[in-house]
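The structure appears right after this line, and notes come after that.
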Amino acid sequence: MKANTEPGTYDVVVIGGGQAGLSVGYYLRRSGLSYVFLDAQAEPGGAWLHGWHSLTLFSPARWSSLPGWIMPGGASEYPGWIMPGGASEYPGREAVLAYMFEYEQRYDLPIGRPVRVTSVRARSDSLEAVSDSGIWQGRAVVSATGTWEQPYIPPYPGRELFGGLQLHSAHYISPEPFNGKRVLVIGGGNSGAQILAELSLVADATWVTKRPPQFMPDHVDGRYLFDLATRKYMAEQRGDSESLREVVTNNLGNIVMVPPVKEARERGVLHSVEPFTRFTKTGVVWPSGREERIDAVVWCTGFKSALDHLDPLGVIEPDGHIDVVGTRSVKQPRLWLVGYGEWTGYASATLIGVGRTARSTVEEIAAFLRE
Ligand code: FAD
C-alpha cells in the first residue's frame, strides 16, 4: 500500500528528502508518531541528483551509510562505482543514488514529491508548511533542506563585466563543455580539488585559491574523519581539554586525497595560484598586472543553508544561521534543523554522521509531543 502523503495534519512534517531527511525517517518509523516528508525533487537522491558525474565519496561504502542499512559495496552490485586507475573502494554518485532510492523503498517512507515548501508559518498548536500543492500541518517540523540550492559566490571586482562562462560547482556536470578551453577553477576545498583534477585532463586549467590548499595525508578518508569527529565530540562532552587539543590539531576541512585527486598530483597539476585582482570583459588581471584571456570560470566556493522557507518564522539570524540547542530552534520550539553542517551537529552533513543527530532529534520530538 502506498504510504499517505496527502495534505493534512501530522505529528511531524519533514521538509526535504535527501540523506538528512531519510535518516530522520528511519527513526520516525520506530517512534509511533504520524509523519510525512515533502521534497522538492521529482525523484529520490536530494543533492546527489545534481552532483557532477564523477563525484567520488570520501569514504568506503560501509562508512557512507545511513542508519539501519549499510550501503552495499562492490562493482558487481552497482554500475556507478568509480575506479580510477583500475580499482577503488570509494563509491561514486550513481552508487549513492541507487542506495538512496532503495533506502526509501526499504523503509516505505511517505515522501510527497515534487513538493516545494515556500513558507512555514506558526499557528497556536502547530507549524504549517505551505506549498503550491497544499498545506501540511505538523505539531513539529524538521527542516532538512540542505545547502545545494544556495550556492555561494563571493563578491569579486568586475565579475559582472566578464563575458565568458561562469558556473558554480553546484551546476558542474562533466568536463566535456570545457574541452580545449582556458579555465579557472576557484576555491581551495574538496570540490575545487576534484573538479580541477578532472578538468585538467581536457582543458588548460588553473586552480585559484586564497591560501595554499591544505591536503590530508593519503591514508585519511571519511572513515578516519568520522572517527576524529567522534573523538572530538566525546572529548567535548567530557570537558577533556587535553584530548580535545590533540584532536583539533587535525583540520577536518582539509582536502581528502580521493583517487582522482591523487592522480592529478601524480600528473603534477595539483597546485594553485593566488587570486587575480579583477575580471575584465574577456578574462582576468593577475597581481603582476598581466592580463589574460579566460574562457570559463568554475566557482567551487561553497554553499549556504537553504532556509528561505523558514523566513516567516523570524528565526533566521543576520549571519544566515538559526540559533539552535542541539538541533532545536531556540526561537521556535516546534522547529528542528538537521543535516546542514557543523552547526546542526558533528559531521551532520555526511551520510554516516547525520544518523546521530537524526536519532537525537526524533527522541526530542517524541518527548516534546508526549508532554
Ligand atoms: P540535500 O541532499 O540537499 O537534500 C535536501 C532536499 O531538500 C533536496 O531534495 C531539496 O530539493 C529539498 N528541498 C530544499 N528546499 C526545499 C523546500 N523548500 N521544500 C521542499 N524540499 C526542499 N557526503 C558524504 O557523506 N560523503 C562524501 O564522501 C561526500 N562527498 C562530497 C563531496 C563533495 C565534493 C561535496 C560537494 C559534497 C560531498 N558530500 C559528501 C556531502 C553531501 O553531498 C551533502 O552534504 C548532502 O547531500 C546533504 O544532504 P541533505 O539531506 O542535508 O541535503
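Simple scheme: letters A, B, ... for chains in C-alpha cells order, numbers from 1 for residues in each chain, numbers from 1 for ligands in the order shown.
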Please extract the residues at most 8 Å from ligand 1, counting only C-alpha atoms and all ligand atoms, and provide them as JSON, numbers by chain, using the chain letters and residue numbers of this document. {"A": [15, 16, 17, 18, 19, 20, 21, 22, 38, 39, 40, 41, 44, 45, 46, 47, 48, 51, 55, 56, 57, 58, 59, 64, 65, 114, 115, 116, 117, 118, 119, 131, 144, 145, 146, 147, 148, 149, 169, 170, 190, 191, 192, 194, 222, 302, 306, 307, 308, 309, 338, 339, 340, 341, 348, 349, 350, 351, 352, 353]}
Apply DSSP to the structure's backbone, then extract all residues of region 99-224 of chain A labelled strand (DSSP E) and return them as an NGL selection string. :A and (111-112 or 117-122 or 127-131 or 134-143 or 165-168 or 182-186 or 204-208)
Residues from last step as file, C-alpha atoms, as a short mmCIF file (atom, residue, chain, number, x, y, z; two decimals), in the first residue's frame:
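Full text of again-v9.cif as output:
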```
data_model
loop_
_atom_site.label_atom_id
_atom_site.label_comp_id
_atom_site.auth_asym_id
_atom_site.auth_seq_id
_atom_site.Cartn_x
_atom_site.Cartn_y
_atom_site.Cartn_z
CA ILE A 111 7.55 11.20 0.66
CA GLY A 112 5.41 13.65 -1.29
CA VAL A 117 7.53 24.27 0.61
CA THR A 118 7.52 28.00 0.00
CA SER A 119 6.89 29.06 3.59
CA VAL A 120 6.43 27.73 7.10
CA ARG A 121 4.02 29.63 9.32
CA ALA A 122 3.33 29.40 13.04
CA LEU A 127 3.51 24.83 12.25
CA GLU A 128 2.15 24.75 8.72
CA ALA A 129 4.19 24.04 5.63
CA VAL A 130 2.73 25.84 2.65
CA SER A 131 3.30 24.74 -0.95
CA GLY A 134 -1.36 22.10 -0.43
CA ILE A 135 -0.78 22.82 3.25
CA TRP A 136 0.65 20.28 5.68
CA GLN A 137 0.40 20.91 9.40
CA GLY A 138 2.89 19.46 11.83
CA ARG A 139 2.88 19.54 15.62
CA ALA A 140 6.62 19.51 14.98
CA VAL A 141 8.55 20.36 11.81
CA VAL A 142 12.01 19.14 10.80
CA SER A 143 13.75 21.20 8.16
CA LEU A 165 31.10 31.23 -18.94
CA GLN A 166 30.65 31.25 -15.15
CA LEU A 167 29.43 28.14 -13.42
CA HIS A 168 29.13 27.16 -9.76
CA ARG A 182 41.26 28.14 -20.78
CA VAL A 183 39.54 27.66 -17.42
CA LEU A 184 39.96 28.96 -13.87
CA VAL A 185 38.81 26.73 -11.03
CA ILE A 186 38.28 28.93 -7.96
CA ASP A 204 44.09 24.37 -19.80
CA ALA A 205 43.00 24.70 -16.17
CA THR A 206 44.45 26.88 -13.40
CA TRP A 207 43.48 26.47 -9.76
CA VAL A 208 42.97 29.74 -7.88
#
```
For a quick check of understanding, using only C-alpha atoms, which of A:Val13, A:Pro217, A:Gly32, A:Pro157 has the smallest distance to Arg278 (chain A)?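 Among A:Val13, A:Pro217, A:Gly32, A:Pro157, it is A:Pro157 that comes nearest to Arg278 (chain A).
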Which distance in Å separates CA of Tyr103 (chain A) and CA of Thr230 (chain A), to one decimal? 24.7 Å
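The nearest approach to Glu263 (chain A) among the residues A:Ala193, A:Cys300, A:Val325, A:Val202, with only C-alpha atoms taken into account, belongs to A:Ala193.
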Using Å and a single decimal, report how far CA of Glu102 (chain A) sits from CA of Ala42 (chain A).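 Rounded to one decimal, the two atoms are 15.6 Å apart.
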For Ala197 (chain A): contacts at 8 Å, only C-alpha atoms, fewer than 6 positions along chain excluded, given as a PDB file with N, CA and C atoms, in the first residue's frame:
```pdb
ATOM      1  N   PRO A 260      41.049  10.344  -7.776  1.00  0.00           N
ATOM      2  CA  PRO A 260      41.296  11.291  -8.881  1.00  0.00           C
ATOM      3  C   PRO A 260      42.219  12.442  -8.477  1.00  0.00           C
ATOM      4  N   VAL A 261      42.144  12.833  -7.198  1.00  0.00           N
ATOM      5  CA  VAL A 261      42.997  13.940  -6.735  1.00  0.00           C
ATOM      6  C   VAL A 261      44.453  13.467  -6.617  1.00  0.00           C
ATOM      7  N   GLU A 263      45.725  11.187  -8.422  1.00  0.00           N
ATOM      8  CA  GLU A 263      46.188  11.009  -9.798  1.00  0.00           C
ATOM      9  C   GLU A 263      46.602  12.373 -10.390  1.00  0.00           C
ATOM     10  N   ALA A 264      45.839  13.426 -10.041  1.00  0.00           N
ATOM     11  CA  ALA A 264      46.192  14.776 -10.520  1.00  0.00           C
ATOM     12  C   ALA A 264      47.543  15.197  -9.935  1.00  0.00           C
ATOM     13  N   VAL A 269      49.685  18.497 -11.617  1.00  0.00           N
ATOM     14  CA  VAL A 269      48.799  19.644 -11.847  1.00  0.00           C
ATOM     15  C   VAL A 269      48.111  20.134 -10.572  1.00  0.00           C
ATOM     16  N   LEU A 270      48.417  19.489  -9.447  1.00  0.00           N
ATOM     17  CA  LEU A 270      47.683  19.813  -8.228  1.00  0.00           C
ATOM     18  C   LEU A 270      48.349  20.953  -7.453  1.00  0.00           C
TER      19      LEU A 270
END
```
Between CA of Pro91 (chain A) and CA of Val354 (chain A), what is the distance, to one decimal in Å?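 According to the coordinates, CA of Pro91 (chain A) and CA of Val354 (chain A) are separated by 18.2 Å.
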Using only C-alpha atoms, which residue out of A:Ser23, A:Ser124, A:Asn179, A:Glu342 lies closest to Ala358 (chain A)? A:Ser23
Report as a JSON list (two decimals) with C-alpha atoms, in the first residue's frame all protein, DNA and RNA residues lying within 9 Å of Pro110 (chain A), evaluated on only C-alpha atoms, omitting residues in the same chain fewer than 2 positions from it.
```json
[["chain", "number", "residue", "atom", "x", "y", "z"],
["A", 2, "LYS", "CA", 1.31, 3.49, -0.85],
["A", 3, "ALA", "CA", 2.08, 5.46, 2.29],
["A", 4, "ASN", "CA", -0.07, 8.54, 2.84],
["A", 5, "THR", "CA", 1.42, 11.88, 1.84],
["A", 25, "GLY", "CA", 12.65, 8.91, 8.64],
["A", 35, "TYR", "CA", 4.74, 11.79, 9.76],
["A", 36, "VAL", "CA", 5.16, 12.90, 6.18],
["A", 37, "PHE", "CA", 8.07, 14.11, 4.03],
["A", 38, "LEU", "CA", 7.88, 16.90, 1.46],
["A", 104, "GLU", "CA", 13.27, 4.97, 0.71],
["A", 108, "ASP", "CA", 8.49, 2.72, 2.97],
["A", 112, "GLY", "CA", 5.41, 13.65, -1.29]]
```
Find, counting only C-alpha atoms, the residue in A:Arg93, A:Lys304, A:Arg231, A:Lys210 that gets nearest to His50 (chain A).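 Smallest separation from His50 (chain A) among the options: A:Arg93.
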If you run DSSP on this backbone, which residues of region 183-294 of chain A come out as alpha helix (DSSP H), and could you give them as a PyMOL selection string? chain A and resi 190-199+222-238+241-248+259-267
Write to file, as a short mmCIF file (atom, residue, chain, number, x, y, z; two decimals), in the first residue's frame, the residues of the selection just made, with N, CA and C atoms.
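Result file follows (result_10.cif):
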```
data_model
loop_
_atom_site.label_atom_id
_atom_site.label_comp_id
_atom_site.auth_asym_id
_atom_site.auth_seq_id
_atom_site.Cartn_x
_atom_site.Cartn_y
_atom_site.Cartn_z
N ASN A 190 37.41 20.61 -1.23
CA ASN A 190 37.31 19.32 -1.92
C ASN A 190 36.72 19.44 -3.33
N SER A 191 35.70 20.28 -3.49
CA SER A 191 35.09 20.43 -4.82
C SER A 191 36.12 20.98 -5.78
N GLY A 192 36.83 22.04 -5.35
CA GLY A 192 37.85 22.64 -6.22
C GLY A 192 38.89 21.62 -6.64
N ALA A 193 39.36 20.82 -5.68
CA ALA A 193 40.41 19.85 -6.00
C ALA A 193 39.90 18.78 -6.96
N GLN A 194 38.69 18.29 -6.71
CA GLN A 194 38.16 17.23 -7.58
C GLN A 194 37.85 17.75 -8.99
N ILE A 195 37.31 18.94 -9.08
CA ILE A 195 36.95 19.47 -10.41
C ILE A 195 38.22 19.86 -11.17
N LEU A 196 39.20 20.44 -10.45
CA LEU A 196 40.49 20.76 -11.09
C LEU A 196 41.12 19.48 -11.65
N ALA A 197 41.07 18.41 -10.86
CA ALA A 197 41.68 17.14 -11.27
C ALA A 197 41.08 16.68 -12.59
N GLU A 198 39.77 16.79 -12.68
CA GLU A 198 39.09 16.29 -13.88
C GLU A 198 39.25 17.23 -15.08
N LEU A 199 39.10 18.54 -14.82
CA LEU A 199 39.20 19.49 -15.95
C LEU A 199 40.59 19.53 -16.55
N GLY A 222 37.10 9.47 4.75
CA GLY A 222 35.91 9.79 5.54
C GLY A 222 35.79 8.94 6.78
N ARG A 223 36.25 7.70 6.69
CA ARG A 223 36.20 6.79 7.83
C ARG A 223 37.03 7.36 8.98
N TYR A 224 38.23 7.80 8.65
CA TYR A 224 39.15 8.38 9.62
C TYR A 224 38.56 9.69 10.16
N LEU A 225 38.00 10.51 9.25
CA LEU A 225 37.45 11.81 9.66
C LEU A 225 36.28 11.64 10.62
N PHE A 226 35.47 10.64 10.32
CA PHE A 226 34.32 10.42 11.19
C PHE A 226 34.79 10.01 12.58
N ASP A 227 35.80 9.19 12.61
CA ASP A 227 36.36 8.75 13.89
C ASP A 227 36.91 9.97 14.66
N LEU A 228 37.57 10.85 13.91
CA LEU A 228 38.14 12.05 14.52
C LEU A 228 37.04 12.95 15.08
N ALA A 229 35.99 13.14 14.26
CA ALA A 229 34.87 13.99 14.70
C ALA A 229 34.22 13.38 15.94
N THR A 230 34.14 12.05 15.98
CA THR A 230 33.54 11.39 17.14
C THR A 230 34.39 11.60 18.38
N ARG A 231 35.71 11.48 18.20
CA ARG A 231 36.60 11.69 19.35
C ARG A 231 36.51 13.12 19.85
N LYS A 232 36.40 14.06 18.91
CA LYS A 232 36.27 15.48 19.28
C LYS A 232 34.98 15.68 20.09
N TYR A 233 33.91 15.06 19.59
CA TYR A 233 32.61 15.17 20.26
C TYR A 233 32.70 14.61 21.69
N MET A 234 33.28 13.41 21.79
CA MET A 234 33.37 12.77 23.10
C MET A 234 34.23 13.59 24.06
N ALA A 235 35.35 14.11 23.53
CA ALA A 235 36.25 14.90 24.39
C ALA A 235 35.53 16.15 24.88
N GLU A 236 34.72 16.75 24.00
CA GLU A 236 33.99 17.95 24.41
C GLU A 236 32.96 17.63 25.47
N GLN A 237 32.26 16.51 25.25
CA GLN A 237 31.23 16.08 26.21
C GLN A 237 31.85 15.88 27.60
N ARG A 238 33.07 15.32 27.59
CA ARG A 238 33.74 15.03 28.87
C ARG A 238 34.45 16.26 29.43
N SER A 241 40.02 18.69 27.92
CA SER A 241 40.70 19.64 27.04
C SER A 241 41.99 19.07 26.46
N GLU A 242 42.61 18.11 27.16
CA GLU A 242 43.86 17.52 26.66
C GLU A 242 43.61 16.75 25.37
N SER A 243 42.62 15.84 25.41
CA SER A 243 42.29 15.06 24.21
C SER A 243 41.79 15.98 23.11
N LEU A 244 41.01 16.99 23.52
CA LEU A 244 40.44 17.90 22.53
C LEU A 244 41.55 18.60 21.75
N ARG A 245 42.58 19.04 22.48
CA ARG A 245 43.70 19.73 21.84
C ARG A 245 44.36 18.82 20.82
N GLU A 246 44.53 17.57 21.19
CA GLU A 246 45.17 16.61 20.29
C GLU A 246 44.33 16.43 19.02
N VAL A 247 43.00 16.34 19.20
CA VAL A 247 42.13 16.06 18.06
C VAL A 247 42.01 17.25 17.12
N VAL A 248 41.89 18.49 17.70
CA VAL A 248 41.65 19.63 16.82
C VAL A 248 42.90 20.06 16.05
N PRO A 259 41.06 9.09 -5.04
CA PRO A 259 41.92 8.65 -6.14
C PRO A 259 42.10 9.67 -7.29
N PRO A 260 41.05 10.34 -7.78
CA PRO A 260 41.30 11.29 -8.88
C PRO A 260 42.22 12.44 -8.48
N VAL A 261 42.14 12.83 -7.20
CA VAL A 261 43.00 13.94 -6.74
C VAL A 261 44.45 13.47 -6.62
N LYS A 262 44.62 12.24 -6.14
CA LYS A 262 45.98 11.68 -6.09
C LYS A 262 46.57 11.60 -7.50
N GLU A 263 45.72 11.19 -8.42
CA GLU A 263 46.19 11.01 -9.80
C GLU A 263 46.60 12.37 -10.39
N ALA A 264 45.84 13.43 -10.04
CA ALA A 264 46.19 14.78 -10.52
C ALA A 264 47.54 15.20 -9.93
N ARG A 265 47.78 14.83 -8.70
CA ARG A 265 49.07 15.14 -8.07
C ARG A 265 50.20 14.44 -8.83
N GLU A 266 49.94 13.18 -9.19
CA GLU A 266 50.98 12.45 -9.94
C GLU A 266 51.26 13.09 -11.30
N ARG A 267 50.24 13.69 -11.90
CA ARG A 267 50.44 14.38 -13.19
C ARG A 267 51.10 15.74 -13.01
#
```
